[in-house]
Amino acid sequence: MSKPMLVTLPFVILLLDFWPLQRFSFSSTLNSQLSTVFEKWPFFLLAAASCVVTFLVQSQRNGDAVASLELIPLHYRLLNTVIAYGRYLLKTVWPVNLAVIYPLPDHLSWIYAAAATSTAALFIISWLVWRGCGKHPYLLVGWLWFLGTLVPVIGLVQVGSAALADRYTYVPLIGIFIAVTFGGCDLAKRFQIPRIVLAAAASMILAACVILTETQLRYWRDSESLFAHALAVTKNNHVAHVNLGVALEQKGESSRALEQYRAAEQLAPELYHIHSNLGGLLERMGQPAEALAEYREAVRRKPDLAFLHNNLGGEFAALGQFDEALKEFSAAARLDPNYSWPHVETAKVFFQQGRDTEAVDELRAALRIEPDNFQILATAAHYLAANENAAARDGQAALVLATKANLLTGGNQPLVFDVLGMAFAATGDFTNAQTCAQNALDLAAAAQMTNLEPLKTRLALYKNNRPWRESFLATNAPAKP
């Protein structure tokens, strides 16, 4: 009941009333027909409410989940709808080249030809069903079941950029299987086909399905296999390129991930999230100028998203362009007052500029928005515990924040333990500072984190009853005891 396509449930029930229950027929009185329909009113009401809620949620998710008519015109949707019906039937009969995502067709000549072919096939099947429904009502029920239950997901209301999806056929194909199964039984009776032949045929069909399923499951081992296969069996699939890029990036294969993002960018340069992904990857690859260009393009494509402005501001800050960075952080905070990270990033810039008091105010603003965000808690505690500027240092406040962050993470984050050690040291409690530093070192080593020298340096300081101090100024970034 959680599937959106089950908003068609009232109509499915009416089909079952027609056959096999025979509670509804075209020859019955109008009052009888209306009564049969009206008794389903609770289901129609729930279906209508589900449609409204689903549409509102999808349309408000980042503002672009439901494509506008300007982006995907109505005539294009109608053409793809007809094509999708035909492709679903074809893939049911011949289930090869299945993919997790099928892109919308982009060649008009192919679209018109495919739409004409699919329309002809649907018309012929519908005519045959209508001709045979008098003696075989299951044909009409099965065919209308298939056509009707696909309506919510056929693309008239376009969600995302997929032309169709295999998973959408779970319910609709029940109708096709009803028609085929009962039709096969009637044919077997008419031609007196032995049961052993029927059993053999059914066994062969099931065996073929098992083999095809096992083959398909090989592509679902991991995201890399899944989206690489999608690219192998589809064309111009920018969604698969992006997802394959994400999978490769998570494996640490940055160069291959970059190739996939670039391929997606070539296919769909208008999509902001591709430029955002590219910017993040280029930033991590140590190419700040290239990353800045991609972040700028992402903001140009989608100027009303706060996190894009925040990303762009972060890249400006990394390049030392602090005024531009602050403008972007301010824009992000203005677009989404409940977004905490622009305040954190603004605080970092203020610390780099020596505006420590303003920086602390920004950290407090971030914590007012997200008081239970352990990353923000740890960041604020770090600045308050380790700041070389005594006027901006507050060891006791840092200890409260770091303790809360450690509780929220269950005491399993090495970087949080590291900050907690700084806070204890800032208050003069070097015994607990040593314990926290050692915990941080042990957890980091267990997680196979690299560059453990700073942790070792701090542990040595605490053993000598000395706190950790560092400058956050852009002109004096390296840490010092």
# chains A, B, ... in the order shown; residues from 1 in each chain; ligands from 1
$ residues_around --residues "Leu150 (chain A)" --least-positions-apart "4" --cutoff "7 Å" --atoms "only C-alpha atoms" --output "PDB file with C-alpha atoms, in the first residue's frame"
ATOM      1  CA  MET A   5       0.647   3.269  -8.355  1.00  0.00           C
ATOM      2  CA  PHE A 146      -2.075  -3.364 -17.200  1.00  0.00           C
ATOM      3  CA  ILE A 154       3.816   6.265 -17.097  1.00  0.00           C
ATOM      4  CA  PRO A 172       0.624  -3.842 -13.811  1.00  0.00           C
TER       5      PRO A 172
END
$ atom_distance --atom1 "CA of Asn451 (chain A)" --atom2 "CA of Tyr383 (chain A)"
20.8 Å
$ atom_distance --atom1 "CA of Gly421 (chain A)" --atom2 "CA of Gln438 (chain A)"
9.0 Å
$ closest_residue --among "A:Ala380, A:Leu281, A:Ile124, A:Leu319" --to "Val344 (chain A)" --atoms "only C-alpha atoms"
A:Ala380
$ select_by_dssp --residues "region 270-390 of chain A" --states "helix (DSSP H, G or I)" --output "PyMOL selection string"
chain A and resi 272-284+288-301+306-318+322-335+341-353+356-369+374-386+390
$ write_last_selection --atoms "C-alpha atoms" --output "compact mmCIF listing (two decimals), in the first residue's frame"
# COMPACT_ATOMS: atom_id res chain seq x y z
CA TYR A 272 23.29 21.79 -11.54
CA HIS A 273 24.01 18.66 -9.50
CA ILE A 274 26.48 17.40 -12.11
CA HIS A 275 28.49 20.62 -11.79
CA SER A 276 28.22 20.40 -8.01
CA ASN A 277 29.58 16.84 -8.01
CA LEU A 278 32.38 17.88 -10.35
CA GLY A 279 33.26 20.83 -8.13
CA GLY A 280 33.48 18.65 -5.04
CA LEU A 281 35.65 16.06 -6.76
CA LEU A 282 37.99 18.63 -8.29
CA GLU A 283 38.31 20.30 -4.90
CA ARG A 284 39.34 17.01 -3.30
CA PRO A 288 40.71 24.65 -6.77
CA ALA A 289 40.46 26.84 -9.88
CA GLU A 290 38.63 24.13 -11.83
CA ALA A 291 36.43 23.39 -8.81
CA LEU A 292 35.54 27.07 -8.50
CA ALA A 293 34.42 27.16 -12.14
CA GLU A 294 32.13 24.17 -11.64
CA TYR A 295 30.65 25.55 -8.43
CA ARG A 296 29.98 28.86 -10.19
CA GLU A 297 28.19 27.03 -13.00
CA ALA A 298 26.11 25.07 -10.49
CA VAL A 299 25.01 28.32 -8.83
CA ARG A 300 24.25 29.87 -12.21
CA ARG A 301 22.07 26.91 -13.10
CA ALA A 306 21.56 27.44 -0.35
CA PHE A 307 24.08 24.58 -0.28
CA LEU A 308 25.37 25.50 -3.75
CA HIS A 309 26.20 29.02 -2.55
CA ASN A 310 27.83 27.50 0.53
CA ASN A 311 30.01 25.23 -1.62
CA LEU A 312 31.00 28.13 -3.85
CA GLY A 313 31.84 30.23 -0.82
CA GLY A 314 34.01 27.46 0.59
CA GLU A 315 36.02 27.35 -2.62
CA PHE A 316 36.45 31.13 -2.63
CA ALA A 317 37.69 30.86 0.96
CA ALA A 318 40.14 28.10 0.02
CA PHE A 322 37.41 36.07 1.54
CA ASP A 323 35.10 38.90 0.47
CA GLU A 324 33.59 36.76 -2.29
CA ALA A 325 33.32 33.84 0.11
CA LEU A 326 31.42 35.90 2.69
CA LYS A 327 28.98 37.09 0.01
CA GLU A 328 28.17 33.49 -0.91
CA PHE A 329 27.80 32.40 2.72
CA SER A 330 25.48 35.34 3.33
CA ALA A 331 23.40 34.36 0.29
CA ALA A 332 23.18 30.77 1.53
CA ALA A 333 22.03 31.86 4.99
CA ARG A 334 19.47 34.20 3.45
CA LEU A 335 18.05 31.50 1.17
CA TRP A 341 26.75 25.51 7.70
CA PRO A 342 26.98 29.02 6.17
CA HIS A 343 27.43 30.31 9.73
CA VAL A 344 30.18 27.75 10.39
CA GLU A 345 31.98 28.64 7.17
CA THR A 346 31.59 32.35 7.88
CA ALA A 347 33.12 31.77 11.32
CA LYS A 348 36.13 30.05 9.73
CA VAL A 349 36.69 33.03 7.44
CA PHE A 350 36.34 35.47 10.33
CA PHE A 351 38.93 33.50 12.30
CA GLN A 352 41.26 33.63 9.30
CA GLN A 353 40.77 37.41 9.15
CA ASP A 356 37.50 36.28 16.42
CA THR A 357 34.59 37.83 18.30
CA GLU A 358 32.42 37.86 15.19
CA ALA A 359 33.53 34.31 14.43
CA VAL A 360 32.39 33.06 17.84
CA ASP A 361 29.02 34.76 17.31
CA GLU A 362 28.63 32.88 14.01
CA LEU A 363 29.42 29.57 15.71
CA ARG A 364 26.78 30.29 18.31
CA ALA A 365 24.29 31.08 15.54
CA ALA A 366 25.05 27.73 13.92
CA LEU A 367 24.53 25.92 17.22
CA ARG A 368 21.21 27.65 17.76
CA ILE A 369 20.05 26.18 14.46
CA PHE A 374 28.23 16.79 16.56
CA GLN A 375 30.35 18.19 13.73
CA ILE A 376 29.38 21.76 14.54
CA LEU A 377 29.81 21.10 18.26
CA ALA A 378 33.31 19.71 17.68
CA THR A 379 34.24 22.56 15.33
CA ALA A 380 33.14 25.19 17.82
CA ALA A 381 34.92 23.39 20.68
CA HIS A 382 38.13 23.23 18.61
CA TYR A 383 38.19 26.99 18.03
CA LEU A 384 37.29 27.81 21.63
CA ALA A 385 39.84 25.40 23.14
CA ALA A 386 42.87 25.89 20.92
CA ALA A 390 43.40 34.28 24.65
$ closest_residue --among "A:Gln22, A:Leu15, A:Phe44, A:Asp166" --to "Ala84 (chain A)" --atoms "only C-alpha atoms"
A:Asp166
$ closest_residue --among "A:Gly175, A:Thr215, A:Val53, A:Ser126" --to "Thr149 (chain A)" --atoms "only C-alpha atoms"
A:Gly175
$ select_by_dssp --residues "region 19-163 of chain A" --states "strand (DSSP E or B)" --output "PyMOL selection string"
chain A and resi 66+102-103+159+162-163
